[in-house]
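Engineer: Compact mmCIF, C-alpha atoms, saved as input-v1.txt, coming up:
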# COMPACT_ATOMS: atom_id res chain seq x y z
CA MET P 297 0.00 0.00 0.00
CA ALA P 298 1.38 3.43 -0.90
CA GLU P 299 2.16 5.94 1.80
CA PRO P 300 -0.76 8.22 2.66
CA SER P 301 -0.53 11.60 1.03
CA LYS P 302 0.00 14.64 3.14
CA SER P 303 -3.19 16.37 4.09
CA THR P 304 -4.31 19.27 6.11
CA PRO P 305 -5.16 18.67 9.72
CA GLY P 306 -8.62 17.20 10.15
CA THR P 307 -8.74 15.84 6.60
CA PRO P 308 -8.26 12.12 6.08
CA GLY P 309 -5.32 11.29 3.92
CA LEU P 310 -5.71 9.54 0.54
CA PRO P 311 -3.42 6.81 -0.63
CA GLU P 312 -1.28 7.56 -3.62
CA LEU P 313 -2.50 5.81 -6.77
CA PRO P 314 -0.07 3.36 -8.22
CA ILE P 315 1.25 4.04 -11.70
CA VAL P 316 -0.11 1.37 -13.99
CA GLN P 317 2.30 0.33 -16.65
CA LEU P 318 1.10 -1.86 -19.51
CA GLU P 319 3.02 -4.88 -20.43
CA PRO P 320 4.67 -4.64 -23.87
CA TRP P 321 2.17 -7.04 -25.43
CA GLU P 322 -0.72 -4.91 -24.11
CA GLN P 323 0.63 -1.78 -25.78
CA ARG P 324 0.33 -3.21 -29.28
CA SER P 325 -2.37 -2.09 -31.73
CA ARG P 326 -5.16 -4.41 -32.85
CA LEU P 327 -3.29 -5.06 -36.07
CA GLU P 328 -0.15 -5.98 -34.14
CA LYS P 329 -2.16 -8.21 -31.81
CA TYR P 330 -4.19 -10.08 -34.41
CA GLY P 331 -2.10 -9.71 -37.54
CA GLY P 332 -3.83 -10.74 -40.79
CA PHE P 333 -6.86 -12.03 -38.90
CA TYR P 334 -7.85 -8.44 -38.17
CA TYR P 335 -8.08 -7.57 -41.86
CA LEU P 336 -9.79 -10.90 -42.52
CA ALA P 337 -12.49 -10.13 -39.96
CA VAL P 338 -13.03 -6.62 -41.32
CA GLY P 339 -13.17 -7.94 -44.88
CA GLY P 340 -15.66 -10.63 -43.89
CA LEU P 341 -17.90 -8.05 -42.24
CA VAL P 342 -17.79 -5.82 -45.32
CA LEU P 343 -18.58 -8.82 -47.54
CA LEU P 344 -21.52 -9.83 -45.35
CA VAL P 345 -22.97 -6.32 -45.40
CA GLY P 346 -22.49 -6.19 -49.17
CA MET P 347 -24.26 -9.52 -49.70
CA ILE P 348 -27.19 -8.45 -47.55
CA GLY P 349 -27.43 -5.21 -49.50
CA TRP P 350 -27.21 -7.04 -52.83
CA PHE P 351 -29.96 -9.46 -51.80
CA ALA P 352 -32.18 -6.61 -50.60
CA TRP P 353 -31.63 -4.71 -53.84
CA GLY P 354 -32.41 -7.79 -55.92
CA ALA P 355 -35.63 -8.45 -54.03
CA TRP P 356 -36.67 -4.81 -54.33
CA SER P 357 -35.87 -4.60 -58.05
CA LEU P 358 -37.97 -7.72 -58.74
CA ARG P 359 -40.98 -6.51 -56.78
CA GLU P 360 -43.03 -5.96 -59.95
CA VAL P 361 -42.29 -9.48 -61.20
CA TRP P 362 -43.35 -11.08 -57.93
CA ARG P 363 -46.45 -8.89 -57.75
CA ASP P 364 -47.58 -9.98 -61.21
CA VAL P 365 -46.70 -13.63 -60.56
CA TYR P 366 -48.88 -13.49 -57.44
CA ILE P 367 -51.79 -11.89 -59.31
CA LEU P 368 -51.47 -14.36 -62.18
CA HIS P 369 -51.63 -17.40 -59.90
CA ASP P 370 -54.44 -16.08 -57.69
CA PRO P 371 -57.62 -17.93 -58.75
CA GLY P 372 -59.71 -15.46 -56.78
CA ARG P 373 -58.75 -12.61 -59.11
CA PRO P 374 -60.85 -11.71 -62.16
CA GLU P 375 -59.49 -13.29 -65.33
CA ALA P 376 -58.96 -9.87 -66.88
CA ASP P 377 -56.59 -8.94 -64.04
CA ARG P 378 -54.67 -12.19 -64.41
CA VAL P 379 -54.33 -11.73 -68.17
CA GLU P 380 -53.13 -8.17 -67.66
CA ALA P 381 -50.53 -9.43 -65.17
CA ALA P 382 -49.37 -11.94 -67.79
CA ARG P 383 -49.09 -9.13 -70.32
CA ARG P 384 -46.86 -7.16 -67.97
CA LEU P 385 -44.71 -10.22 -67.29
CA ALA P 386 -44.37 -10.87 -71.02
CA GLY P 387 -42.96 -7.39 -71.48
CA ASN P 388 -40.84 -7.29 -68.34
CA PRO P 389 -37.14 -7.97 -69.04
CA ASP P 390 -36.66 -9.00 -65.40
CA ALA P 391 -38.88 -12.06 -65.91
CA THR P 392 -36.46 -14.87 -66.75
CA PRO P 393 -36.96 -17.40 -69.57
CA ARG P 394 -37.35 -20.13 -66.93
CA GLN P 395 -40.13 -18.21 -65.20
CA ARG P 396 -41.89 -17.58 -68.49
CA LEU P 397 -41.66 -21.23 -69.48
CA ASP P 398 -43.07 -22.40 -66.15
CA ILE P 399 -46.00 -20.01 -66.55
CA ALA P 400 -46.66 -21.11 -70.13
CA LEU P 401 -46.76 -24.76 -69.06
CA ALA P 402 -49.08 -24.22 -66.07
CA PRO P 403 -52.42 -25.77 -67.09
CA ASP P 404 -54.42 -24.06 -64.33
CA LEU P 405 -53.78 -20.56 -65.70
CA PRO P 406 -56.09 -18.79 -68.18
CA ASP P 407 -55.25 -19.68 -71.78
CA ARG P 408 -54.85 -16.04 -72.77
CA ALA P 409 -52.36 -15.50 -69.98
CA ARG P 410 -50.38 -18.59 -70.99
CA TYR P 411 -50.49 -17.50 -74.62
CA LEU P 412 -49.08 -14.05 -73.88
CA VAL P 413 -46.21 -15.40 -71.82
CA ALA P 414 -45.44 -18.27 -74.21
CA GLU P 415 -45.42 -15.80 -77.09
CA SER P 416 -42.69 -13.84 -75.29
CA LEU P 417 -40.31 -16.79 -74.87
CA PRO P 418 -36.84 -15.87 -76.20
CA PRO P 419 -34.35 -18.26 -77.82
CA GLU P 420 -32.57 -18.47 -74.45
CA ALA P 421 -35.47 -20.58 -73.16
CA ALA P 422 -33.91 -23.61 -74.88
CA GLU P 423 -30.25 -22.86 -74.17
CA ASP P 424 -29.82 -24.82 -70.92
CA ASP P 425 -31.00 -28.12 -72.40
CA PRO P 426 -31.55 -27.88 -76.18
CA ARG P 427 -32.26 -31.57 -76.62
CA GLY P 428 -34.58 -31.83 -73.63
CA TYR P 429 -36.46 -28.72 -74.70
CA ALA P 430 -36.88 -29.95 -78.28
CA LEU P 431 -38.08 -33.36 -77.10
CA ALA P 432 -40.56 -31.73 -74.73
CA VAL P 433 -41.95 -29.65 -77.58
CA SER P 434 -42.26 -32.59 -79.96
CA ARG P 435 -43.41 -35.40 -77.66
CA ALA P 436 -45.22 -33.90 -74.68
CA GLU P 437 -48.84 -35.03 -74.70
CA GLY P 438 -51.96 -33.16 -73.73
CA ARG P 439 -50.83 -29.74 -74.90
CA PRO P 440 -52.95 -27.73 -77.32
CA ASP P 441 -51.41 -27.19 -80.74
CA TRP P 442 -51.27 -23.42 -80.26
CA LEU P 443 -49.05 -23.91 -77.21
CA ARG P 444 -46.81 -26.42 -78.99
CA LEU P 445 -46.47 -23.90 -81.79
CA LEU P 446 -45.48 -21.09 -79.44
CA LEU P 447 -42.96 -23.33 -77.68
CA LEU P 448 -41.45 -24.13 -81.07
CA ARG P 449 -40.84 -20.45 -81.85
CA PRO P 450 -37.72 -20.02 -79.65
CA LEU P 451 -36.07 -22.83 -81.62
CA ALA P 452 -36.95 -21.14 -84.90
CA TYR P 453 -35.54 -17.81 -83.74
CA GLY P 454 -32.49 -19.53 -82.31
CA ALA P 455 -31.79 -21.44 -85.54
CA GLY P 456 -31.32 -18.19 -87.41
CA ALA P 457 -28.93 -16.97 -84.73
CA GLY P 458 -26.76 -20.07 -85.01
CA ALA P 459 -28.10 -22.04 -82.04
CA ALA P 460 -27.70 -25.82 -82.11
CA ILE P 461 -30.95 -27.52 -83.13
CA GLU P 462 -31.77 -31.15 -82.40
CA GLN P 463 -32.70 -32.58 -85.79
CA GLY P 464 -34.64 -35.64 -84.60
CA PRO P 465 -37.37 -33.83 -82.65
CA MET P 466 -37.63 -31.21 -85.41
CA ARG P 467 -38.20 -33.89 -88.04
CA GLU P 468 -40.98 -35.29 -85.88
CA LEU P 469 -42.56 -31.85 -85.71
CA ALA P 470 -42.15 -31.39 -89.47
CA ASP P 471 -44.61 -34.29 -89.84
CA HIS P 472 -47.03 -32.92 -87.24
CA PRO P 473 -50.71 -33.02 -88.27
CA ASP P 474 -51.09 -29.32 -87.47
CA PRO P 475 -49.93 -27.53 -90.66
CA ALA P 476 -48.66 -24.46 -88.80
CA VAL P 477 -46.52 -26.55 -86.45
CA ALA P 478 -45.14 -28.47 -89.43
CA LEU P 479 -44.27 -25.27 -91.32
CA TRP P 480 -42.44 -23.71 -88.38
CA ALA P 481 -40.52 -26.96 -87.88
CA ARG P 482 -39.56 -27.10 -91.57
CA TYR P 483 -38.35 -23.53 -91.40
CA THR P 484 -36.26 -24.38 -88.33
CA LEU P 485 -34.73 -27.40 -90.05
CA ALA P 486 -34.02 -25.46 -93.25
CA GLU P 487 -32.47 -22.58 -91.31
CA SER P 488 -30.31 -24.81 -89.11
CA ASN P 489 -28.98 -26.96 -91.96
CA ARG P 490 -28.57 -25.14 -95.25
CA TYR P 491 -26.90 -28.16 -96.84
CA ASN P 492 -30.06 -30.25 -96.58
CA THR P 493 -32.54 -28.66 -98.98
CA ILE P 494 -35.41 -31.09 -98.40
CA HIS P 495 -37.23 -28.89 -95.93
CA ASP P 496 -36.34 -25.72 -97.80
CA LYS P 497 -38.03 -27.11 -100.91
CA ALA P 498 -41.03 -28.34 -98.92
CA LEU P 499 -41.50 -24.89 -97.40
CA ARG P 500 -41.30 -23.17 -100.78
CA SER P 501 -43.71 -25.68 -102.27
CA GLU P 502 -46.24 -24.93 -99.54
CA ALA P 503 -45.81 -21.20 -100.16
CA GLY P 504 -46.69 -21.71 -103.82
CA ASP P 505 -49.96 -23.50 -103.07
CA ASP P 506 -53.36 -21.94 -102.60
CA GLY P 507 -54.01 -23.61 -99.26
CA PRO P 508 -55.03 -21.80 -96.07
CA TYR P 509 -51.46 -21.90 -94.73
CA ALA P 510 -49.76 -20.59 -97.87
CA GLY P 511 -49.57 -17.12 -96.33
CA LEU P 512 -47.64 -18.43 -93.33
CA ALA P 513 -45.32 -20.42 -95.60
CA GLU P 514 -44.62 -17.31 -97.70
CA ILE P 515 -43.62 -15.32 -94.62
CA LEU P 516 -41.34 -18.11 -93.41
CA VAL P 517 -39.71 -18.32 -96.85
CA ARG P 518 -38.98 -14.60 -96.67
CA ALA P 519 -37.43 -15.16 -93.25
CA LEU P 520 -35.32 -17.95 -94.72
CA ASP P 521 -34.16 -15.69 -97.55
CA ALA P 522 -33.44 -12.69 -95.31
CA ARG P 523 -29.82 -11.59 -95.38
CA ALA P 524 -29.87 -9.31 -92.36
CA ASP P 525 -30.66 -10.56 -88.87
CA ASP P 526 -33.10 -7.72 -88.24
CA ASP P 527 -35.02 -8.56 -91.41
CA ARG P 528 -35.18 -12.24 -90.47
CA VAL P 529 -36.46 -11.46 -86.97
CA ALA P 530 -39.03 -9.05 -88.41
CA ARG P 531 -40.34 -11.76 -90.73
CA LEU P 532 -40.58 -14.25 -87.85
CA ASP P 533 -42.46 -11.66 -85.82
CA GLU P 534 -44.81 -11.28 -88.78
CA ALA P 535 -45.31 -15.05 -88.86
CA THR P 536 -46.11 -14.96 -85.15
CA ARG P 537 -48.80 -12.36 -85.74
CA TRP P 538 -50.17 -14.49 -88.57
CA VAL P 539 -50.51 -17.41 -86.16
CA ARG P 540 -52.48 -15.36 -83.65
CA ALA P 541 -54.83 -14.09 -86.33
CA HIS P 542 -55.31 -17.23 -88.45
CA HIS P 543 -54.42 -20.40 -86.55
CA PRO P 544 -57.70 -22.04 -85.41
CA GLY P 545 -56.46 -22.83 -81.92
CA ALA P 546 -54.82 -19.46 -81.39
CA SER P 547 -57.74 -17.49 -82.77
CA SER P 548 -60.11 -19.41 -80.50
CA VAL P 549 -58.04 -18.32 -77.50
CA TRP P 550 -58.43 -14.69 -78.54
CA SER P 551 -61.98 -14.96 -79.82
CA GLY P 552 -63.99 -12.14 -78.27
CA ALA P 553 -60.94 -10.59 -76.67
CA GLY P 554 -61.22 -7.53 -78.88
CA GLU P 555 -57.45 -7.35 -79.31
CA ALA P 556 -55.48 -6.82 -82.45
CA ALA P 557 -52.32 -8.77 -83.17
CA PRO P 558 -49.36 -7.33 -81.28
CA THR P 559 -47.09 -4.88 -83.05
CA GLY P 560 -44.01 -6.36 -81.40
CA VAL P 561 -43.51 -9.97 -80.43
CA GLY P 562 -40.94 -11.47 -78.11
CA GLY P 563 -38.54 -14.08 -79.36
CA GLY P 564 -36.04 -12.16 -81.43
CA GLU P 565 -32.52 -11.41 -80.40
CA GLY P 566 -32.11 -8.61 -77.95
Would you mind writing the file out in structure tokens?

Structural biologist:
Amino acid sequence: MAEPSKSTPGTPGLPELPIVQLEPWEQRSRLEKYGGFYYLAVGGLVLLVGMIGWFAWGAWSLREVWRDVYILHDPGRPEADRVEAARRLAGNPDATPRQRLDIALAPDLPDRARYLVAESLPPEAAEDDPRGYALAVSRAEGRPDWLRLLLLRPLAYGAGAGAAIEQGPMRELADHPDPAVALWARYTLAESNRYNTIHDKALRSEAGDDGPYAGLAEILVRALDARADDDRVARLDEATRWVRAHHPGASSVWSGAGEAAPTGVGGGEG
């Protein structure tokens, strides 16, 4: 105990406080104490905060997609609201090809809603599994022909852009009993393999006939002969509008809807 400090008479003395001296290891900075682990901990904290912020931003930026997905799948909503939600999703670049495909294949959704979303499918819809996608288009049972036709479109657009096309499923579709499906499949085969002229000739022969699908064949021939990518995509968009207006299954979906064919159709290259 330190000696009591001097004090005035009548005042109790206070002990002198000891001088505390830190050991050398206690005088080091945090960096000196923890070395690289200090920077590692700080970096991990920054990374964690960044990931949380990125997730929050992603969820916020997709709020319109999730809102429309909810409306579309809510059976208690009026059909007009659900179709309008599908229209917004079809035109929303944040809706992924996988999301669009799942919506198009959902049998419990209104046909007009499925049609709009299926019509917006881009070529990327078949990129992850080209063979599986082509087989699903050609062999899946229970799907209306208008839906099979719309699912075929991404392959047709992709063929012109150089995407790999599975020939077997396309040949099956080229013999499909629905003439529109067969024509789109022949175009896809002719576009993907210029050395095999069988389907090219078949398409041109159909365009020269007076049948009800000659108009569609003529448009697809113009797409096949297009030299510029933009011209080819424009012709395929025109063929898509022809389908909505003239294909029996497609026109029945839109019968009484009071809507004209769209001026711009998804499916071309971005």

Engineer: In Å, with one decimal, what is the gap from CA of Val529 in chain P to CA of Tyr453 in chain P?

Structural biologist: 7.2 Å

Engineer: By how many Å are CA of Ala470 in chain P and CA of Arg482 in chain P apart?

Structural biologist: 5.4 Å

Engineer: Counting all atoms listed in the file, which residue out of P:Gly456, P:Gly504, P:Gly545, P:Pro371 sits closest to Arg523 in chain P?

Structural biologist: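 The closest residue to Arg523 in chain P is P:Gly456.
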
Engineer: Name all residues at most 10 Å from Leu368 in chain P (count only C-alpha atoms; drop same-chain ones fewer than 2 positions away) and give them as a list in words.

Structural biologist: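 Near Leu368 in chain P, the qualifying residues are Trp362, Arg363, Asp364, Val365, Tyr366, Asp370, Pro371, Gly372, Arg373, Pro374, Glu375, Ala376, Asp377, Arg378, Val379, Glu380, Ala381, Ala382, Arg383, Leu385, Ile399, Leu405, Pro406, Ala409 and Arg410 of chain P.
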
Engineer: Of the candidates P:Ala522, P:Ala541, P:Arg408, P:Thr536, which shows the shortest atom-to-atom distance to Leu448 in chain P, using only C-alpha atoms?

Structural biologist: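 Nearest candidate to Leu448 in chain P out of P:Ala522, P:Ala541, P:Arg408, P:Thr536: P:Thr536.
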
Engineer: Provide the CA of Leu431 in chain P to CA of Leu445 in chain P distance in Å, to one decimal place.

Structural biologist: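 Between CA of Leu431 in chain P and CA of Leu445 in chain P the gap is 13.5 Å.
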
Engineer: Return the single residue from P:Ala430, P:Asp407, P:Ala455, P:Ile367 that is closest to Ser551 in chain P, with distances computed using only C-alpha atoms.

Structural biologist: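 With only C-alpha atoms as the atom set, the closest residue is P:Asp407.
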
Engineer: What would the list of residues within 9 Å of (-38.0, -18.2, -79.8) (file frame) look like as a PyMOL selection string, if only C-alpha atoms are what count?

Structural biologist: chain P and resi 415-422+446-454+562-565

Engineer: Counting all atoms listed in the file, which of P:Asp527, P:Leu336, P:Tyr411, P:Gln463 gets nearest to Val539 in chain P?

Structural biologist: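 Nearest to Val539 in chain P: P:Tyr411.
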
Engineer: Complete range 415-433 of chain P at the level of N, CA and C atoms, written as a CSV table (one decimal), in the coordinates of the input.

Structural biologist:
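This is the output file part.csv:
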chain,number,residue,atom,x,y,z
P,415,GLU,N,-45.8,-16.6,-75.9
P,415,GLU,CA,-45.4,-15.8,-77.1
P,415,GLU,C,-44.2,-14.9,-76.9
P,416,SER,N,-43.8,-14.7,-75.6
P,416,SER,CA,-42.7,-13.8,-75.3
P,416,SER,C,-41.4,-14.6,-75.0
P,417,LEU,N,-41.5,-16.0,-75.2
P,417,LEU,CA,-40.3,-16.8,-74.9
P,417,LEU,C,-39.2,-16.5,-75.8
P,418,PRO,N,-38.0,-16.2,-75.3
P,418,PRO,CA,-36.8,-15.9,-76.2
P,418,PRO,C,-36.1,-17.1,-76.6
P,419,PRO,N,-35.1,-17.1,-77.5
P,419,PRO,CA,-34.4,-18.3,-77.8
P,419,PRO,C,-33.6,-18.8,-76.6
P,420,GLU,N,-33.3,-18.0,-75.6
P,420,GLU,CA,-32.6,-18.5,-74.4
P,420,GLU,C,-33.4,-19.5,-73.7
P,421,ALA,N,-34.7,-19.6,-73.9
P,421,ALA,CA,-35.5,-20.6,-73.2
P,421,ALA,C,-35.0,-22.0,-73.4
P,422,ALA,N,-34.4,-22.3,-74.6
P,422,ALA,CA,-33.9,-23.6,-74.9
P,422,ALA,C,-32.4,-23.8,-74.7
P,423,GLU,N,-31.7,-22.8,-74.2
P,423,GLU,CA,-30.2,-22.9,-74.2
P,423,GLU,C,-29.7,-23.9,-73.2
P,424,ASP,N,-30.4,-24.0,-72.0
P,424,ASP,CA,-29.8,-24.8,-70.9
P,424,ASP,C,-29.8,-26.3,-71.3
P,425,ASP,N,-30.9,-26.7,-72.0
P,425,ASP,CA,-31.0,-28.1,-72.4
P,425,ASP,C,-31.7,-28.2,-73.8
P,426,PRO,N,-30.9,-27.9,-74.8
P,426,PRO,CA,-31.6,-27.9,-76.2
P,426,PRO,C,-32.3,-29.2,-76.6
P,427,ARG,N,-31.6,-30.3,-76.3
P,427,ARG,CA,-32.3,-31.6,-76.6
P,427,ARG,C,-33.5,-31.8,-75.8
P,428,GLY,N,-33.4,-31.6,-74.5
P,428,GLY,CA,-34.6,-31.8,-73.6
P,428,GLY,C,-35.7,-30.9,-74.0
P,429,TYR,N,-35.4,-29.7,-74.3
P,429,TYR,CA,-36.5,-28.7,-74.7
P,429,TYR,C,-37.1,-29.2,-76.0
P,430,ALA,N,-36.3,-29.5,-77.0
P,430,ALA,CA,-36.9,-30.0,-78.3
P,430,ALA,C,-37.7,-31.2,-78.1
P,431,LEU,N,-37.3,-32.1,-77.3
P,431,LEU,CA,-38.1,-33.4,-77.1
P,431,LEU,C,-39.4,-33.0,-76.4
P,432,ALA,N,-39.3,-32.1,-75.4
P,432,ALA,CA,-40.6,-31.7,-74.7
P,432,ALA,C,-41.6,-31.1,-75.7
P,433,VAL,N,-41.1,-30.3,-76.6
P,433,VAL,CA,-42.0,-29.6,-77.6
P,433,VAL,C,-42.6,-30.7,-78.5
